[in-house]
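The structure file data-v7.pdb is reproduced below (PDB, C-alpha atoms).
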ATOM      1  CA  ASP A   1     145.073 155.698  84.020
ATOM      2  CA  ALA A   2     141.508 154.964  85.147
ATOM      3  CA  ASP A   3     142.017 156.405  88.652
ATOM      4  CA  SER A   4     143.226 159.734  87.250
ATOM      5  CA  GLY A   5     140.230 159.882  84.923
ATOM      6  CA  TYR A   6     137.868 159.136  87.787
ATOM      7  CA  ARG A   7     139.393 161.880  89.952
ATOM      8  CA  GLY A   8     139.234 164.299  87.026
ATOM      9  CA  MET A   9     135.518 163.648  86.530
ATOM     10  CA  LEU A  10     134.848 164.181  90.242
ATOM     11  CA  GLN A  11     136.777 167.458  90.192
ATOM     12  CA  ALA A  12     134.818 168.650  87.143
ATOM     13  CA  LEU A  13     131.496 167.785  88.802
ATOM     14  CA  ALA A  14     132.572 169.592  91.973
ATOM     15  CA  HIS A  15     133.642 172.614  89.895
ATOM     16  CA  VAL A  16     130.139 172.993  88.402
ATOM     17  CA  GLY A  17     128.481 172.447  91.795
ATOM     18  CA  MET A  18     127.111 168.960  91.165
ATOM     19  CA  LEU A  19     129.231 167.404  93.954
ATOM     20  CA  ASP A  20     130.712 168.647  97.192
ATOM     21  CA  ALA A  21     134.338 169.628  96.851
ATOM     22  CA  GLN A  22     135.341 166.881  99.303
ATOM     23  CA  PRO A  23     137.894 164.381  98.083
ATOM     24  CA  HIS A  24     136.313 161.119  96.919
ATOM     25  CA  GLN A  25     137.913 157.733  96.892
ATOM     26  CA  ALA A  26     138.448 156.071  93.554
ATOM     27  CA  PRO A  27     136.579 152.780  93.203
ATOM     28  CA  ALA A  28     138.454 149.550  93.769
ATOM     29  CA  ARG A  29     140.343 148.208  90.771
ATOM     30  CA  GLN A  30     138.033 146.412  88.419
ATOM     31  CA  ARG A  31     138.596 142.791  87.506
ATOM     32  CA  TRP A  32     138.657 142.099  83.781
ATOM     33  CA  VAL A  33     137.758 138.581  82.786
ATOM     34  CA  ARG A  34     137.368 137.324  79.228
ATOM     35  CA  MET A  35     134.808 134.570  78.848
ATOM     36  CA  ARG A  36     136.321 131.543  77.069
ATOM     37  CA  THR A  37     133.843 128.687  77.300
ATOM     38  CA  GLY A  38     130.190 128.249  78.171
ATOM     39  CA  TYR A  39     128.729 125.024  79.491
ATOM     40  CA  ARG A  40     125.127 123.893  79.266
ATOM     41  CA  ARG A  41     123.710 121.560  81.875
ATOM     42  CA  GLU A  42     123.478 117.924  80.841
ATOM     43  CA  GLU A  43     121.144 115.427  82.456
ATOM     44  CA  GLY A  44     122.684 114.166  85.702
ATOM     45  CA  ALA A  45     125.660 116.574  85.653
ATOM     46  CA  VAL A  46     126.776 118.179  88.934
ATOM     47  CA  LEU A  47     129.086 121.029  89.834
ATOM     48  CA  ALA A  48     132.208 119.925  91.693
ATOM     49  CA  LYS A  49     131.374 122.347  94.516
ATOM     50  CA  PRO A  50     128.971 125.250  95.142
ATOM     51  CA  TRP A  51     130.787 127.750  92.928
ATOM     52  CA  LYS A  52     130.176 131.475  93.280
ATOM     53  CA  HIS A  53     130.529 134.116  90.563
ATOM     54  CA  PHE A  54     134.217 134.932  89.948
ATOM     55  CA  ASP A  55     135.537 132.077  92.080
ATOM     56  CA  PRO A  56     139.115 131.409  90.964
ATOM     57  CA  VAL A  57     139.900 128.001  89.513
ATOM     58  CA  ALA A  58     143.366 126.536  88.902
ATOM     59  CA  LYS A  59     144.447 124.772  85.729
ATOM     60  CA  GLY A  60     143.335 121.139  85.979
ATOM     61  CA  GLU A  61     140.908 121.755  88.846
ATOM     62  CA  VAL A  62     137.628 119.867  88.523
ATOM     63  CA  MET A  63     134.764 122.248  87.786
ATOM     64  CA  ALA A  64     131.971 119.720  87.207
ATOM     65  CA  LYS A  65     131.199 116.042  86.733
ATOM     66  CA  LEU A  66     129.003 114.642  83.978
ATOM     67  CA  ALA A  67     126.598 111.728  84.433
ATOM     68  CA  ASN A  68     128.742 109.465  82.207
ATOM     69  CA  GLY A  69     131.705 109.931  84.585
ATOM     70  CA  ASP A  70     133.588 112.509  82.498
ATOM     71  CA  ILE A  71     134.926 115.495  84.385
ATOM     72  CA  LEU A  72     135.211 119.095  83.256
ATOM     73  CA  CYS A  73     138.549 120.551  84.342
ATOM     74  CA  ALA A  74     139.781 124.108  84.029
ATOM     75  CA  PRO A  75     141.954 124.299  80.885
ATOM     76  CA  GLU A  76     144.073 127.035  82.502
ATOM     77  CA  ASP A  77     144.011 129.278  85.563
ATOM     78  CA  GLY A  78     140.839 131.311  85.430
ATOM     79  CA  PHE A  79     137.452 132.013  86.942
ATOM     80  CA  ILE A  80     134.001 130.473  87.180
ATOM     81  CA  ILE A  81     131.460 132.945  85.800
ATOM     82  CA  LEU A  82     127.732 133.007  86.546
ATOM     83  CA  PRO A  83     127.327 129.461  87.858
ATOM     84  CA  LYS A  84     123.699 128.348  88.057
ATOM     85  CA  GLU A  85     123.440 125.230  90.157
ATOM     86  CA  THR A  86     119.683 125.081  89.550
ATOM     87  CA  ALA A  87     119.988 125.099  85.744
ATOM     88  CA  VAL A  88     117.850 122.490  84.058
ATOM     89  CA  THR A  89     119.089 120.241  81.271
ATOM     90  CA  GLY A  90     120.010 122.339  78.228
ATOM     91  CA  GLU A  91     120.245 125.685  80.061
ATOM     92  CA  ASP A  92     123.399 127.762  80.525
ATOM     93  CA  TRP A  93     125.090 126.231  83.546
ATOM     94  CA  PHE A  94     128.327 128.179  84.029
ATOM     95  CA  PHE A  95     131.083 129.876  82.071
ATOM     96  CA  PHE A  96     134.871 129.717  82.299
ATOM     97  CA  GLY A  97     136.950 132.853  81.815
ATOM     98  CA  VAL A  98     140.505 134.103  82.208
ATOM     99  CA  GLY A  99     141.923 137.336  83.561
ATOM    100  CA  THR A 100     143.029 139.844  80.964
ATOM    101  CA  ALA A 101     145.168 142.953  80.941
ATOM    102  CA  LEU A 102     143.292 146.164  81.694
ATOM    103  CA  PRO A 103     142.378 148.036  78.528
ATOM    104  CA  ALA A 104     144.470 151.104  77.813
TER
END

Encoded form (structure tokens):
Amino acid sequence: DADSGYRGMLQALAHVGMLDAQPHQAPARQRWVRMRTGYRREEGAVLAKPWKHFDPVAKGEVMAKLANGDILCAPEDGFIILPKETAVTGEDWFFFGVGTALPA
């Protein structure tokens, strides 16, 4: 697994004198998210709330509202990726992604 590989690299670096031989903590588990859909800002569109990168979103939750009254809802449980509230019309606004299994 990734933690074993990380510890092995630290031990190898300590063995050749590039790190102290003290035990090091493995980094926190990484989150793997696969981007599904990108949204570009339309004139008059607003985010449903001040989203932050990797905020979770539930299936059916409103992500944004368009000027014509249409709403953008999460198609499944997932995450908001790289929201840019200050995006101008036509720019990347935010992305929707879903959690995936860790690669082997």

Quiz item: Leaving out segment 41-46 of chain A and any residue of its chain fewer than 4 positions from it, which residues lie within 9 Å of it when counting all atoms listed in the file, given as a VMD selection string?
Solution: chain A and resid 64 to 68 85 87 to 94

With the file shown as input, list the residues that the PyMOL selection byres ((chain A and resi 52) around 8) selects, as a compact mmCIF listing (two decimals) with C-alpha atoms, keeping the file's coordinate frame.
# COMPACT_ATOMS: atom_id res chain seq x y z
CA PRO A 50 128.97 125.25 95.14
CA TRP A 51 130.79 127.75 92.93
CA HIS A 53 130.53 134.12 90.56
CA PHE A 54 134.22 134.93 89.95
CA ASP A 55 135.54 132.08 92.08
CA ILE A 80 134.00 130.47 87.18
CA ILE A 81 131.46 132.94 85.80
CA LEU A 82 127.73 133.01 86.55
CA PRO A 83 127.33 129.46 87.86

Would you kindly identify which residues have an atom no farther than 8 Å from (144.1, 133.1, 86.8), using all atoms listed in the file and the file's own coordinates, and write them out as a PDB file with C-alpha atoms, in the coordinates of the input?
ATOM      1  CA  PRO A  56     139.115 131.409  90.964  1.00  0.00           C
ATOM      2  CA  VAL A  57     139.900 128.001  89.513  1.00  0.00           C
ATOM      3  CA  ALA A  58     143.366 126.536  88.902  1.00  0.00           C
ATOM      4  CA  GLU A  76     144.073 127.035  82.502  1.00  0.00           C
ATOM      5  CA  ASP A  77     144.011 129.278  85.563  1.00  0.00           C
ATOM      6  CA  GLY A  78     140.839 131.311  85.430  1.00  0.00           C
ATOM      7  CA  PHE A  79     137.452 132.013  86.942  1.00  0.00           C
ATOM      8  CA  VAL A  98     140.505 134.103  82.208  1.00  0.00           C
ATOM      9  CA  GLY A  99     141.923 137.336  83.561  1.00  0.00           C
TER      10      GLY A  99
END

Quiz item: Quick one: distance from atom CA of Glu61 of chain A to atom CA of Pro75 of chain A in Å, one decimal?
Solution: 8.4 Å

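Among the candidates A:Lys49, A:Lys84, A:His15, A:Arg34, the residue lying nearest to Phe96 of chain A is A:Arg34 (atoms considered: only C-alpha atoms).
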
Contacts of Met63 of chain A within 6 Å, all atoms listed in the file, excl. fewer than 4 positions in-chain, as a PDB file with C-alpha atoms, keeping the file's coordinate frame:
ATOM      1  CA  ALA A  48     132.208 119.925  91.693  1.00  0.00           C
ATOM      2  CA  LEU A  72     135.211 119.095  83.256  1.00  0.00           C
ATOM      3  CA  CYS A  73     138.549 120.551  84.342  1.00  0.00           C
TER       4      CYS A  73
END

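Note that the spacing between atom CA of Gly5 of chain A and atom CA of Gly97 of chain A amounts to 27.4 Å.
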
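When atom CA of Gly8 of chain A is paired with atom CA of Asp20 of chain A, their separation reads 14.0 Å.
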